[in-house]
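Below is one structure, written out as structure tokens; the observations come after it.
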Amino acid sequence: MSAQLKLEKQGNTAIITMSNPPANTWTRDTLVGLKELVNELNADKNIYALVITGEGEKFFSAGADLNVFASGDKGVAADMSRVFGEAFETLSDFRGVSIAAINGFAMGGGLEVALACDIRIAEAQAQMALPEAKVGLLPCAGGTQNLSWLVGEGWAKRMILCGERLKADKAQQIGLVEEVVETGEALNAAIALAQKVGEQSPVAVTACKALIQKGRTGTINSALPLERELFVTLFDTQDQKEGVNAFLEKRKPNWVNG
């Protein structure tokens, strides 16, 4: 794991902090490190939720360091686009709930990592953009697809084709973020939300998340039978028995994540 990614665990929540001052830009090493770290957290049955944030008070992440692309080397571009895609797709496929605590500017690949999360909480002063076309590039880590899915084609085109930058309140209005909090409170709000995930059955959360995200690539007619199938499959788990009996016995469930 890269030294520019800091990991902390609080109960069932993992907190990843991007730490590459001054703007928490992504490098090849940090992207590879993020992929490896998420895979490790996937294997840790004690982790139910993941929060990602940026170090400092100004930047969540400014995305890629454009110095990497200054030479115009297509080989470098191919390699970086691959590691960007692999890192953020791995994050999107995290079996638990991922929450972006957007504590400042989220630009380019900095916004794309937030788009790869399940939920986004932004501080009031935060600003978001996908400005790649301003420098002759395009969002290559899921930005064109994830943004369109979240906010619709019109706003995605405004942000990507017109280079429009959004403040937190507008981002919430169009559905880009789910919550706006005061300056300095994004991480606390994200951790509080992550703790609620711990009240849910981890195996049920994984199944529910897979079904919700299936809507991006399939039809409702293909998803509905799978919904019923996964419902029945949960009866093979200890969590199903524990959850129902805990409710009936009016006690807190003791999840075993299996």
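Residue numbering restarts at 1 for every chain of the structure tokens, chains are lettered A, B, ... in their displayed order, and ligands are numbered from 1 as they appear.
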Each segment 67-112 of chain A residue no farther than 10 Å from segment 15-35 of chain A, nearest pair in Å, only C-alpha atoms, as CSV:
residue,atom,partner,partner_atom,distance
A:Val68,CA,A:Thr27,CA,8.6
A:Asp79,CA,A:Arg28,CA,8.7
A:Met80,CA,A:Arg28,CA,6.7
A:Ser81,CA,A:Arg28,CA,9.8
A:Arg82,CA,A:Leu31,CA,9.9
A:Val83,CA,A:Leu31,CA,6.2
A:Phe84,CA,A:Leu31,CA,6.2
A:Gly85,CA,A:Leu31,CA,9.1
A:Glu86,CA,A:Lys35,CA,7.0
A:Ala87,CA,A:Lys35,CA,4.6
A:Phe88,CA,A:Lys35,CA,7.5
A:Glu89,CA,A:Lys35,CA,8.6
A:Thr90,CA,A:Lys35,CA,6.0
A:Leu91,CA,A:Lys35,CA,7.1
A:Ser98,CA,A:Ile15,CA,9.8
A:Ile99,CA,A:Ile15,CA,9.5
A:Ala100,CA,A:Ile16,CA,9.7
A:Ala101,CA,A:Thr17,CA,9.7
A:Gly104,CA,A:Ala23,CA,9.7
A:Phe105,CA,A:Ala23,CA,8.6
A:Ala106,CA,A:Ala23,CA,9.6
A:Met107,CA,A:Thr25,CA,9.5
A:Gly108,CA,A:Thr25,CA,9.9
A:Gly109,CA,A:Trp26,CA,7.5
A:Gly110,CA,A:Thr25,CA,7.5
Can you write out as a tab-separated table which residues of segment 166-214 of chain A fall within 8 Å of segment 48-52 of chain A, alongside each residue's closest atom pair and its distance in Å to one decimal, counting only C-alpha atoms and ordering rows by chain and ascending residue number?
residue	atom	partner	partner_atom	distance
A:Leu187	CA	A:Val51	CA	7.9
A:Ala190	CA	A:Val51	CA	6.6
A:Ile191	CA	A:Val51	CA	7.0
A:Ala194	CA	A:Ala49	CA	5.6
A:Gln195	CA	A:Ala49	CA	7.8
A:Val197	CA	A:Ala49	CA	6.7
A:Gly198	CA	A:Tyr48	CA	6.3
A:Pro202	CA	A:Tyr48	CA	6.2
Please produce an output containing all heavy atoms for each residue in the selection, written as a PDB file, in the first residue's frame.
ATOM      1  N   LEU A 187     -16.285  14.186   7.367  1.00  0.00           N
ATOM      2  CA  LEU A 187     -15.776  12.904   7.855  1.00  0.00           C
ATOM      3  C   LEU A 187     -16.627  12.388   9.008  1.00  0.00           C
ATOM      4  O   LEU A 187     -16.985  11.201   9.045  1.00  0.00           O
ATOM      5  CB  LEU A 187     -14.317  13.038   8.276  1.00  0.00           C
ATOM      6  CG  LEU A 187     -13.652  11.750   8.781  1.00  0.00           C
ATOM      7  CD1 LEU A 187     -13.727  10.650   7.735  1.00  0.00           C
ATOM      8  CD2 LEU A 187     -12.199  12.022   9.174  1.00  0.00           C
ATOM      9  N   ALA A 190     -19.858  11.100   7.644  1.00  0.00           N
ATOM     10  CA  ALA A 190     -19.666   9.845   6.912  1.00  0.00           C
ATOM     11  C   ALA A 190     -19.463   8.684   7.878  1.00  0.00           C
ATOM     12  O   ALA A 190     -20.012   7.587   7.666  1.00  0.00           O
ATOM     13  CB  ALA A 190     -18.471   9.965   5.961  1.00  0.00           C
ATOM     14  N   ILE A 191     -18.692   8.910   8.926  1.00  0.00           N
ATOM     15  CA  ILE A 191     -18.473   7.849   9.913  1.00  0.00           C
ATOM     16  C   ILE A 191     -19.776   7.498  10.624  1.00  0.00           C
ATOM     17  O   ILE A 191     -20.077   6.321  10.856  1.00  0.00           O
ATOM     18  CB  ILE A 191     -17.388   8.270  10.922  1.00  0.00           C
ATOM     19  CG1 ILE A 191     -16.018   8.346  10.231  1.00  0.00           C
ATOM     20  CG2 ILE A 191     -17.328   7.306  12.097  1.00  0.00           C
ATOM     21  CD1 ILE A 191     -14.918   8.932  11.087  1.00  0.00           C
ATOM     22  N   ALA A 194     -21.709   5.434   8.301  1.00  0.00           N
ATOM     23  CA  ALA A 194     -21.084   4.113   8.192  1.00  0.00           C
ATOM     24  C   ALA A 194     -21.433   3.245   9.397  1.00  0.00           C
ATOM     25  O   ALA A 194     -21.615   2.020   9.264  1.00  0.00           O
ATOM     26  CB  ALA A 194     -19.576   4.258   8.061  1.00  0.00           C
ATOM     27  N   GLN A 195     -21.536   3.851  10.562  1.00  0.00           N
ATOM     28  CA  GLN A 195     -21.878   3.080  11.761  1.00  0.00           C
ATOM     29  C   GLN A 195     -23.279   2.491  11.669  1.00  0.00           C
ATOM     30  O   GLN A 195     -23.559   1.418  12.223  1.00  0.00           O
ATOM     31  CB  GLN A 195     -21.743   3.968  13.003  1.00  0.00           C
ATOM     32  CG  GLN A 195     -20.291   4.289  13.346  1.00  0.00           C
ATOM     33  CD  GLN A 195     -20.153   5.307  14.466  1.00  0.00           C
ATOM     34  OE1 GLN A 195     -21.097   6.020  14.804  1.00  0.00           O
ATOM     35  NE2 GLN A 195     -18.967   5.398  15.047  1.00  0.00           N
ATOM     36  N   VAL A 197     -24.457   1.246   9.033  1.00  0.00           N
ATOM     37  CA  VAL A 197     -24.319   0.037   8.232  1.00  0.00           C
ATOM     38  C   VAL A 197     -24.085  -1.167   9.143  1.00  0.00           C
ATOM     39  O   VAL A 197     -24.530  -2.279   8.844  1.00  0.00           O
ATOM     40  CB  VAL A 197     -23.164   0.177   7.216  1.00  0.00           C
ATOM     41  CG1 VAL A 197     -22.998  -1.094   6.398  1.00  0.00           C
ATOM     42  CG2 VAL A 197     -23.402   1.375   6.305  1.00  0.00           C
ATOM     43  N   GLY A 198     -23.386  -0.939  10.260  1.00  0.00           N
ATOM     44  CA  GLY A 198     -23.108  -2.015  11.202  1.00  0.00           C
ATOM     45  C   GLY A 198     -24.355  -2.606  11.822  1.00  0.00           C
ATOM     46  O   GLY A 198     -24.312  -3.707  12.389  1.00  0.00           O
ATOM     47  N   PRO A 202     -24.286  -7.814   7.118  1.00  0.00           N
ATOM     48  CA  PRO A 202     -23.316  -7.598   6.041  1.00  0.00           C
ATOM     49  C   PRO A 202     -23.634  -8.398   4.778  1.00  0.00           C
ATOM     50  O   PRO A 202     -23.473  -7.883   3.667  1.00  0.00           O
ATOM     51  CB  PRO A 202     -21.991  -8.052   6.667  1.00  0.00           C
ATOM     52  CG  PRO A 202     -22.195  -7.918   8.131  1.00  0.00           C
ATOM     53  CD  PRO A 202     -23.633  -8.233   8.371  1.00  0.00           C
TER      54      PRO A 202
END
Inset, instruction - Find the residues near Ile174 of chain A: any atom within 9 Å, counting only C-alpha atoms, skip ones fewer than 2 places away on the same chain, and give them as a ChimeraX atom specification. - result: /A:150-152,155,169-172,176-177
Inset, instruction - Go through A:Leu147, A:Ala3, A:Ile160, A:Val256 and flag the residue nearest Gln240 of chain A, using only C-alpha atoms for the distances. - result: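 Checking each of A:Leu147, A:Ala3, A:Ile160, A:Val256 against Gln240 of chain A, counting only C-alpha atoms, the winner is A:Val256.
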Legend entry - Members of segment 41-134 of chain A assigned helix (DSSP H, G or I) by DSSP, as a PyMOL selection string: chain A and resi 41-43+66-69+74-92+109-115+132-134
Inset, instruction - Go through A:Gln145, A:Ser201, A:Val38, A:Arg228 and flag the residue nearest Pro253 of chain A, using only C-alpha atoms for the distances. - result: A:Ser201
